[in-house]
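Trainee: This is work22.txt, which holds compact mmCIF, N, CA and C atoms:
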```
# COMPACT_ATOMS: atom_id res chain seq x y z
N MET A 1 163.71 -48.17 88.71
CA MET A 1 163.57 -49.62 88.64
C MET A 1 162.07 -49.93 88.65
N PRO A 2 161.63 -50.74 87.73
CA PRO A 2 160.20 -51.07 87.68
C PRO A 2 159.78 -51.88 88.92
N VAL A 3 158.53 -51.72 89.27
CA VAL A 3 157.96 -52.39 90.44
C VAL A 3 157.99 -53.91 90.26
N ILE A 4 157.79 -54.38 89.05
CA ILE A 4 157.75 -55.82 88.78
C ILE A 4 159.09 -56.47 89.12
N ASN A 5 160.19 -55.84 88.76
CA ASN A 5 161.51 -56.41 89.06
C ASN A 5 161.78 -56.45 90.56
N VAL A 6 161.30 -55.44 91.28
CA VAL A 6 161.49 -55.42 92.73
C VAL A 6 160.69 -56.55 93.37
N ARG A 7 159.46 -56.73 92.92
CA ARG A 7 158.62 -57.80 93.47
C ARG A 7 159.21 -59.17 93.15
N LEU A 8 159.72 -59.31 91.96
CA LEU A 8 160.33 -60.57 91.56
C LEU A 8 161.57 -60.86 92.41
N ALA A 9 162.37 -59.86 92.67
CA ALA A 9 163.54 -60.02 93.52
C ALA A 9 163.13 -60.41 94.94
N GLN A 10 162.04 -59.82 95.44
CA GLN A 10 161.54 -60.17 96.77
C GLN A 10 161.08 -61.62 96.81
N LEU A 11 160.41 -62.07 95.75
CA LEU A 11 159.95 -63.45 95.70
C LEU A 11 161.13 -64.43 95.65
N TYR A 12 162.17 -64.10 94.88
CA TYR A 12 163.35 -64.95 94.84
C TYR A 12 164.03 -65.01 96.21
N SER A 13 164.07 -63.89 96.89
CA SER A 13 164.67 -63.85 98.23
C SER A 13 163.86 -64.70 99.20
N LEU A 14 162.55 -64.60 99.13
CA LEU A 14 161.68 -65.40 100.00
C LEU A 14 161.85 -66.88 99.70
N ARG A 15 161.97 -67.23 98.43
CA ARG A 15 162.17 -68.63 98.06
C ARG A 15 163.51 -69.14 98.61
N SER A 16 164.53 -68.33 98.52
CA SER A 16 165.84 -68.70 99.04
C SER A 16 165.78 -68.93 100.55
N GLN A 17 165.10 -68.06 101.25
CA GLN A 17 164.97 -68.21 102.70
C GLN A 17 164.17 -69.46 103.06
N THR A 18 163.13 -69.75 102.28
CA THR A 18 162.31 -70.94 102.51
C THR A 18 163.13 -72.20 102.29
N ASP A 19 163.94 -72.22 101.23
CA ASP A 19 164.80 -73.38 100.97
C ASP A 19 165.82 -73.58 102.09
N ALA A 20 166.38 -72.49 102.59
CA ALA A 20 167.35 -72.59 103.69
C ALA A 20 166.67 -73.13 104.95
N LEU A 21 165.46 -72.67 105.21
CA LEU A 21 164.71 -73.15 106.37
C LEU A 21 164.40 -74.63 106.24
N ARG A 22 164.02 -75.07 105.05
CA ARG A 22 163.73 -76.48 104.81
C ARG A 22 164.98 -77.33 105.05
N THR A 23 166.13 -76.84 104.61
CA THR A 23 167.39 -77.56 104.81
C THR A 23 167.71 -77.69 106.30
N GLN A 24 167.48 -76.63 107.05
CA GLN A 24 167.73 -76.67 108.49
C GLN A 24 166.79 -77.64 109.18
N ILE A 25 165.53 -77.66 108.79
CA ILE A 25 164.56 -78.58 109.38
C ILE A 25 164.94 -80.02 109.07
N ASP A 26 165.35 -80.30 107.84
CA ASP A 26 165.79 -81.65 107.48
C ASP A 26 166.99 -82.08 108.32
N ALA A 27 167.91 -81.17 108.56
CA ALA A 27 169.08 -81.48 109.37
C ALA A 27 168.68 -81.77 110.82
N LEU A 28 167.75 -80.99 111.36
CA LEU A 28 167.28 -81.23 112.72
C LEU A 28 166.57 -82.57 112.85
N VAL A 29 165.77 -82.93 111.86
CA VAL A 29 165.08 -84.21 111.88
C VAL A 29 166.10 -85.36 111.83
N ALA A 30 167.12 -85.21 111.01
CA ALA A 30 168.16 -86.24 110.92
C ALA A 30 168.89 -86.39 112.25
N LEU A 31 169.20 -85.28 112.90
CA LEU A 31 169.86 -85.34 114.22
C LEU A 31 168.97 -86.03 115.25
N GLU A 32 167.69 -85.74 115.20
CA GLU A 32 166.75 -86.35 116.14
C GLU A 32 166.68 -87.86 115.93
N GLU A 33 166.67 -88.31 114.67
CA GLU A 33 166.64 -89.73 114.38
C GLU A 33 167.90 -90.42 114.89
N VAL A 34 169.05 -89.78 114.73
CA VAL A 34 170.30 -90.35 115.24
C VAL A 34 170.24 -90.45 116.76
N GLY A 35 169.72 -89.44 117.40
CA GLY A 35 169.59 -89.45 118.86
C GLY A 35 168.67 -90.55 119.35
N ILE A 36 167.56 -90.75 118.65
CA ILE A 36 166.61 -91.80 119.03
C ILE A 36 167.26 -93.17 118.87
N GLN A 37 167.99 -93.38 117.78
CA GLN A 37 168.66 -94.66 117.57
C GLN A 37 169.70 -94.92 118.65
N ALA A 38 170.42 -93.89 119.06
CA ALA A 38 171.45 -94.05 120.10
C ALA A 38 170.80 -94.44 121.43
N VAL A 39 169.69 -93.83 121.75
CA VAL A 39 168.99 -94.16 123.00
C VAL A 39 168.46 -95.59 122.95
N GLN A 40 167.88 -95.99 121.82
CA GLN A 40 167.36 -97.35 121.69
C GLN A 40 168.47 -98.38 121.80
N GLU A 41 169.63 -98.10 121.21
CA GLU A 41 170.76 -99.02 121.30
C GLU A 41 171.28 -99.10 122.73
N ALA A 42 171.28 -97.98 123.44
CA ALA A 42 171.76 -97.97 124.82
C ALA A 42 170.82 -98.74 125.74
N LEU A 43 169.51 -98.63 125.48
CA LEU A 43 168.53 -99.33 126.30
C LEU A 43 168.46 -100.81 125.97
N GLY A 44 168.81 -101.17 124.76
CA GLY A 44 168.71 -102.56 124.33
C GLY A 44 167.32 -102.86 123.79
N CYS A 45 167.16 -104.08 123.34
CA CYS A 45 165.89 -104.50 122.74
C CYS A 45 164.91 -104.92 123.84
N ASP A 46 163.65 -104.60 123.68
CA ASP A 46 162.64 -104.99 124.65
C ASP A 46 161.98 -106.32 124.30
N HIS A 47 162.38 -106.95 123.20
CA HIS A 47 161.89 -108.24 122.74
C HIS A 47 160.36 -108.33 122.79
N PRO A 48 159.68 -107.57 121.93
CA PRO A 48 158.22 -107.58 121.95
C PRO A 48 157.66 -108.97 121.64
N ASP A 49 156.53 -109.29 122.24
CA ASP A 49 155.92 -110.61 122.07
C ASP A 49 155.63 -110.97 120.62
N ASP A 50 155.21 -110.00 119.84
CA ASP A 50 154.87 -110.29 118.45
C ASP A 50 156.10 -110.48 117.56
N MET A 51 157.29 -110.20 118.10
CA MET A 51 158.53 -110.38 117.33
C MET A 51 159.34 -111.58 117.84
N ARG A 52 158.71 -112.46 118.64
CA ARG A 52 159.40 -113.62 119.19
C ARG A 52 159.07 -114.86 118.36
N GLN A 53 160.10 -115.61 118.01
CA GLN A 53 159.92 -116.87 117.29
C GLN A 53 160.44 -117.99 118.18
N SER A 54 159.58 -118.96 118.47
CA SER A 54 159.96 -120.05 119.37
C SER A 54 161.02 -120.92 118.73
N THR A 55 162.06 -121.25 119.52
CA THR A 55 163.10 -122.19 119.08
C THR A 55 163.24 -123.31 120.10
N ALA A 56 162.20 -123.53 120.89
CA ALA A 56 162.23 -124.54 121.93
C ALA A 56 162.25 -125.94 121.33
N VAL A 57 162.96 -126.83 122.01
CA VAL A 57 162.98 -128.23 121.62
C VAL A 57 162.56 -129.06 122.83
N PHE A 58 162.09 -130.27 122.58
CA PHE A 58 161.58 -131.13 123.63
C PHE A 58 162.68 -131.42 124.66
N GLY A 59 162.35 -131.24 125.94
CA GLY A 59 163.28 -131.53 127.02
C GLY A 59 164.25 -130.40 127.34
N ALA A 60 164.13 -129.30 126.67
CA ALA A 60 165.02 -128.16 126.92
C ALA A 60 164.19 -126.98 127.42
N PRO A 61 164.83 -126.02 128.07
CA PRO A 61 164.07 -124.84 128.49
C PRO A 61 163.46 -124.11 127.29
N LYS A 62 162.40 -123.38 127.56
CA LYS A 62 161.76 -122.63 126.47
C LYS A 62 162.71 -121.54 125.97
N ARG A 63 162.86 -121.48 124.68
CA ARG A 63 163.73 -120.47 124.06
C ARG A 63 162.96 -119.77 122.95
N PHE A 64 163.41 -118.57 122.69
CA PHE A 64 162.85 -117.84 121.56
C PHE A 64 163.93 -116.97 120.94
N LYS A 65 163.73 -116.69 119.67
CA LYS A 65 164.62 -115.79 118.95
C LYS A 65 163.85 -114.50 118.71
N CYS A 66 164.46 -113.39 119.08
CA CYS A 66 163.85 -112.09 118.83
C CYS A 66 164.12 -111.71 117.39
N LEU A 67 163.05 -111.52 116.62
CA LEU A 67 163.20 -111.16 115.22
C LEU A 67 163.58 -109.69 115.04
N LYS A 68 163.45 -108.92 116.11
CA LYS A 68 163.80 -107.50 116.06
C LYS A 68 165.31 -107.29 116.16
N CYS A 69 165.96 -108.01 117.10
CA CYS A 69 167.39 -107.81 117.30
C CYS A 69 168.23 -109.03 116.93
N GLY A 70 167.58 -110.20 116.75
CA GLY A 70 168.29 -111.41 116.35
C GLY A 70 168.86 -112.21 117.50
N GLU A 71 168.64 -111.80 118.72
CA GLU A 71 169.19 -112.50 119.90
C GLU A 71 168.31 -113.68 120.27
N THR A 72 168.93 -114.79 120.68
CA THR A 72 168.20 -115.97 121.16
C THR A 72 168.26 -115.99 122.67
N LEU A 73 167.10 -116.13 123.32
CA LEU A 73 167.01 -116.05 124.78
C LEU A 73 166.17 -117.17 125.32
N GLU A 74 166.37 -117.47 126.60
CA GLU A 74 165.51 -118.42 127.30
C GLU A 74 164.46 -117.63 128.05
N SER A 75 163.22 -118.10 127.98
CA SER A 75 162.15 -117.40 128.70
C SER A 75 161.87 -118.13 130.00
N ALA A 76 161.44 -117.38 130.97
CA ALA A 76 161.18 -117.96 132.29
C ALA A 76 159.81 -118.59 132.34
```
Would you write out, as structure tokens, the structure that this file holds?

Mentor:
Amino acid sequence: MPVINVRLAQLYSLRSQTDALRTQIDALVALEEVGIQAVQEALGCDHPDDMRQSTAVFGAPKRFKCLKCGETLESA
């Protein structure tokens, strides 16, 4: 068997292993993203100041709508 064919077969094998590794890494990243979303949903929204839109009206308590989660809340 010529040396060139053996080297070519080794390169194809290495490429196959690299593709499999890339697929595994993509799957791990996807699992991590799902885990992060689950934790954020469990903790709830922190209603950051820059994502608050005032909905207060005269004579009523101060209210704001969180643009991040869509919830309307009264502020203290």

Trainee: Have a look at atom CA of Gln10 of chain A and atom CA of Arg22 of chain A and let me know their distance in Å, one decimal.

Mentor: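 Computed distance, atom CA of Gln10 of chain A to atom CA of Arg22 of chain A, equals 18.3 Å.
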
Trainee: Check the DSSP output for the backbone and give back, as a PyMOL selection string, the residues of chain A in helix (DSSP H, G or I).

Mentor: chain A and resi 3-43+49-51

Trainee: Could you please take those selected residues and save N, CA and C atoms as a compact mmCIF listing (two decimals), in the coordinates of the input?

Mentor:
```txt
# COMPACT_ATOMS: atom_id res chain seq x y z
N VAL A 3 158.53 -51.72 89.27
CA VAL A 3 157.96 -52.39 90.44
C VAL A 3 157.99 -53.91 90.26
N ILE A 4 157.79 -54.38 89.05
CA ILE A 4 157.75 -55.82 88.78
C ILE A 4 159.09 -56.47 89.12
N ASN A 5 160.19 -55.84 88.76
CA ASN A 5 161.51 -56.41 89.06
C ASN A 5 161.78 -56.45 90.56
N VAL A 6 161.30 -55.44 91.28
CA VAL A 6 161.49 -55.42 92.73
C VAL A 6 160.69 -56.55 93.37
N ARG A 7 159.46 -56.73 92.92
CA ARG A 7 158.62 -57.80 93.47
C ARG A 7 159.21 -59.17 93.15
N LEU A 8 159.72 -59.31 91.96
CA LEU A 8 160.33 -60.57 91.56
C LEU A 8 161.57 -60.86 92.41
N ALA A 9 162.37 -59.86 92.67
CA ALA A 9 163.54 -60.02 93.52
C ALA A 9 163.13 -60.41 94.94
N GLN A 10 162.04 -59.82 95.44
CA GLN A 10 161.54 -60.17 96.77
C GLN A 10 161.08 -61.62 96.81
N LEU A 11 160.41 -62.07 95.75
CA LEU A 11 159.95 -63.45 95.70
C LEU A 11 161.13 -64.43 95.65
N TYR A 12 162.17 -64.10 94.88
CA TYR A 12 163.35 -64.95 94.84
C TYR A 12 164.03 -65.01 96.21
N SER A 13 164.07 -63.89 96.89
CA SER A 13 164.67 -63.85 98.23
C SER A 13 163.86 -64.70 99.20
N LEU A 14 162.55 -64.60 99.13
CA LEU A 14 161.68 -65.40 100.00
C LEU A 14 161.85 -66.88 99.70
N ARG A 15 161.97 -67.23 98.43
CA ARG A 15 162.17 -68.63 98.06
C ARG A 15 163.51 -69.14 98.61
N SER A 16 164.53 -68.33 98.52
CA SER A 16 165.84 -68.70 99.04
C SER A 16 165.78 -68.93 100.55
N GLN A 17 165.10 -68.06 101.25
CA GLN A 17 164.97 -68.21 102.70
C GLN A 17 164.17 -69.46 103.06
N THR A 18 163.13 -69.75 102.28
CA THR A 18 162.31 -70.94 102.51
C THR A 18 163.13 -72.20 102.29
N ASP A 19 163.94 -72.22 101.23
CA ASP A 19 164.80 -73.38 100.97
C ASP A 19 165.82 -73.58 102.09
N ALA A 20 166.38 -72.49 102.59
CA ALA A 20 167.35 -72.59 103.69
C ALA A 20 166.67 -73.13 104.95
N LEU A 21 165.46 -72.67 105.21
CA LEU A 21 164.71 -73.15 106.37
C LEU A 21 164.40 -74.63 106.24
N ARG A 22 164.02 -75.07 105.05
CA ARG A 22 163.73 -76.48 104.81
C ARG A 22 164.98 -77.33 105.05
N THR A 23 166.13 -76.84 104.61
CA THR A 23 167.39 -77.56 104.81
C THR A 23 167.71 -77.69 106.30
N GLN A 24 167.48 -76.63 107.05
CA GLN A 24 167.73 -76.67 108.49
C GLN A 24 166.79 -77.64 109.18
N ILE A 25 165.53 -77.66 108.79
CA ILE A 25 164.56 -78.58 109.38
C ILE A 25 164.94 -80.02 109.07
N ASP A 26 165.35 -80.30 107.84
CA ASP A 26 165.79 -81.65 107.48
C ASP A 26 166.99 -82.08 108.32
N ALA A 27 167.91 -81.17 108.56
CA ALA A 27 169.08 -81.48 109.37
C ALA A 27 168.68 -81.77 110.82
N LEU A 28 167.75 -80.99 111.36
CA LEU A 28 167.28 -81.23 112.72
C LEU A 28 166.57 -82.57 112.85
N VAL A 29 165.77 -82.93 111.86
CA VAL A 29 165.08 -84.21 111.88
C VAL A 29 166.10 -85.36 111.83
N ALA A 30 167.12 -85.21 111.01
CA ALA A 30 168.16 -86.24 110.92
C ALA A 30 168.89 -86.39 112.25
N LEU A 31 169.20 -85.28 112.90
CA LEU A 31 169.86 -85.34 114.22
C LEU A 31 168.97 -86.03 115.25
N GLU A 32 167.69 -85.74 115.20
CA GLU A 32 166.75 -86.35 116.14
C GLU A 32 166.68 -87.86 115.93
N GLU A 33 166.67 -88.31 114.67
CA GLU A 33 166.64 -89.73 114.38
C GLU A 33 167.90 -90.42 114.89
N VAL A 34 169.05 -89.78 114.73
CA VAL A 34 170.30 -90.35 115.24
C VAL A 34 170.24 -90.45 116.76
N GLY A 35 169.72 -89.44 117.40
CA GLY A 35 169.59 -89.45 118.86
C GLY A 35 168.67 -90.55 119.35
N ILE A 36 167.56 -90.75 118.65
CA ILE A 36 166.61 -91.80 119.03
C ILE A 36 167.26 -93.17 118.87
N GLN A 37 167.99 -93.38 117.78
CA GLN A 37 168.66 -94.66 117.57
C GLN A 37 169.70 -94.92 118.65
N ALA A 38 170.42 -93.89 119.06
CA ALA A 38 171.45 -94.05 120.10
C ALA A 38 170.80 -94.44 121.43
N VAL A 39 169.69 -93.83 121.75
CA VAL A 39 168.99 -94.16 123.00
C VAL A 39 168.46 -95.59 122.95
N GLN A 40 167.88 -95.99 121.82
CA GLN A 40 167.36 -97.35 121.69
C GLN A 40 168.47 -98.38 121.80
N GLU A 41 169.63 -98.10 121.21
CA GLU A 41 170.76 -99.02 121.30
C GLU A 41 171.28 -99.10 122.73
N ALA A 42 171.28 -97.98 123.44
CA ALA A 42 171.76 -97.97 124.82
C ALA A 42 170.82 -98.74 125.74
N LEU A 43 169.51 -98.63 125.48
CA LEU A 43 168.53 -99.33 126.30
C LEU A 43 168.46 -100.81 125.97
N ASP A 49 156.53 -109.29 122.24
CA ASP A 49 155.92 -110.61 122.07
C ASP A 49 155.63 -110.97 120.62
N ASP A 50 155.21 -110.00 119.84
CA ASP A 50 154.87 -110.29 118.45
C ASP A 50 156.10 -110.48 117.56
N MET A 51 157.29 -110.20 118.10
CA MET A 51 158.53 -110.38 117.33
C MET A 51 159.34 -111.58 117.84
```

Trainee: For atom N of Phe58 of chain A and atom C of Cys45 of chain A, quote the distance in Å rounded to one decimal.

Mentor: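 If I compute the distance from atom N of Phe58 of chain A to atom C of Cys45 of chain A, I get 25.5 Å.
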
Trainee: Just the number, please: distance in Å from atom CA of Leu14 of chain A to atom N of Ala27 of chain A, one decimal.

Mentor: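 Separation between atom CA of Leu14 of chain A and atom N of Ala27 of chain A: 19.0 Å.
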
Trainee: Apply DSSP to the structure's backbone, then extract all residues of segment 21-73 of chain A labelled strand (DSSP E) and return them as a PyMOL selection string.

Mentor: chain A and resi 52-54+63-66+72-73

Trainee: Can you write out the residues you just picked, keeping N, CA and C atoms, as a JSON list (two decimals), keeping the file's coordinate frame?

Mentor:
```
[["chain", "number", "residue", "atom", "x", "y", "z"],
["A", 52, "ARG", "N", 158.71, -112.46, 118.64],
["A", 52, "ARG", "CA", 159.40, -113.62, 119.19],
["A", 52, "ARG", "C", 159.07, -114.86, 118.36],
["A", 53, "GLN", "N", 160.10, -115.61, 118.01],
["A", 53, "GLN", "CA", 159.92, -116.87, 117.29],
["A", 53, "GLN", "C", 160.44, -117.99, 118.18],
["A", 54, "SER", "N", 159.58, -118.96, 118.47],
["A", 54, "SER", "CA", 159.96, -120.05, 119.37],
["A", 54, "SER", "C", 161.02, -120.92, 118.73],
["A", 63, "ARG", "N", 162.86, -121.48, 124.68],
["A", 63, "ARG", "CA", 163.73, -120.47, 124.06],
["A", 63, "ARG", "C", 162.96, -119.77, 122.95],
["A", 64, "PHE", "N", 163.41, -118.57, 122.69],
["A", 64, "PHE", "CA", 162.85, -117.84, 121.56],
["A", 64, "PHE", "C", 163.93, -116.97, 120.94],
["A", 65, "LYS", "N", 163.73, -116.69, 119.67],
["A", 65, "LYS", "CA", 164.62, -115.79, 118.95],
["A", 65, "LYS", "C", 163.85, -114.50, 118.71],
["A", 66, "CYS", "N", 164.46, -113.39, 119.08],
["A", 66, "CYS", "CA", 163.85, -112.09, 118.83],
["A", 66, "CYS", "C", 164.12, -111.71, 117.39],
["A", 72, "THR", "N", 168.93, -114.79, 120.68],
["A", 72, "THR", "CA", 168.20, -115.97, 121.16],
["A", 72, "THR", "C", 168.26, -115.99, 122.67],
["A", 73, "LEU", "N", 167.10, -116.13, 123.32],
["A", 73, "LEU", "CA", 167.01, -116.05, 124.78],
["A", 73, "LEU", "C", 166.17, -117.17, 125.32]]
```

Trainee: May I have the residues at most 8 Å from (164.9, -111.1, 117.2) in the file's coordinates, counting all atoms listed in the file, as a ChimeraX atom specification?

Mentor: /A:47-48,51-53,64-72
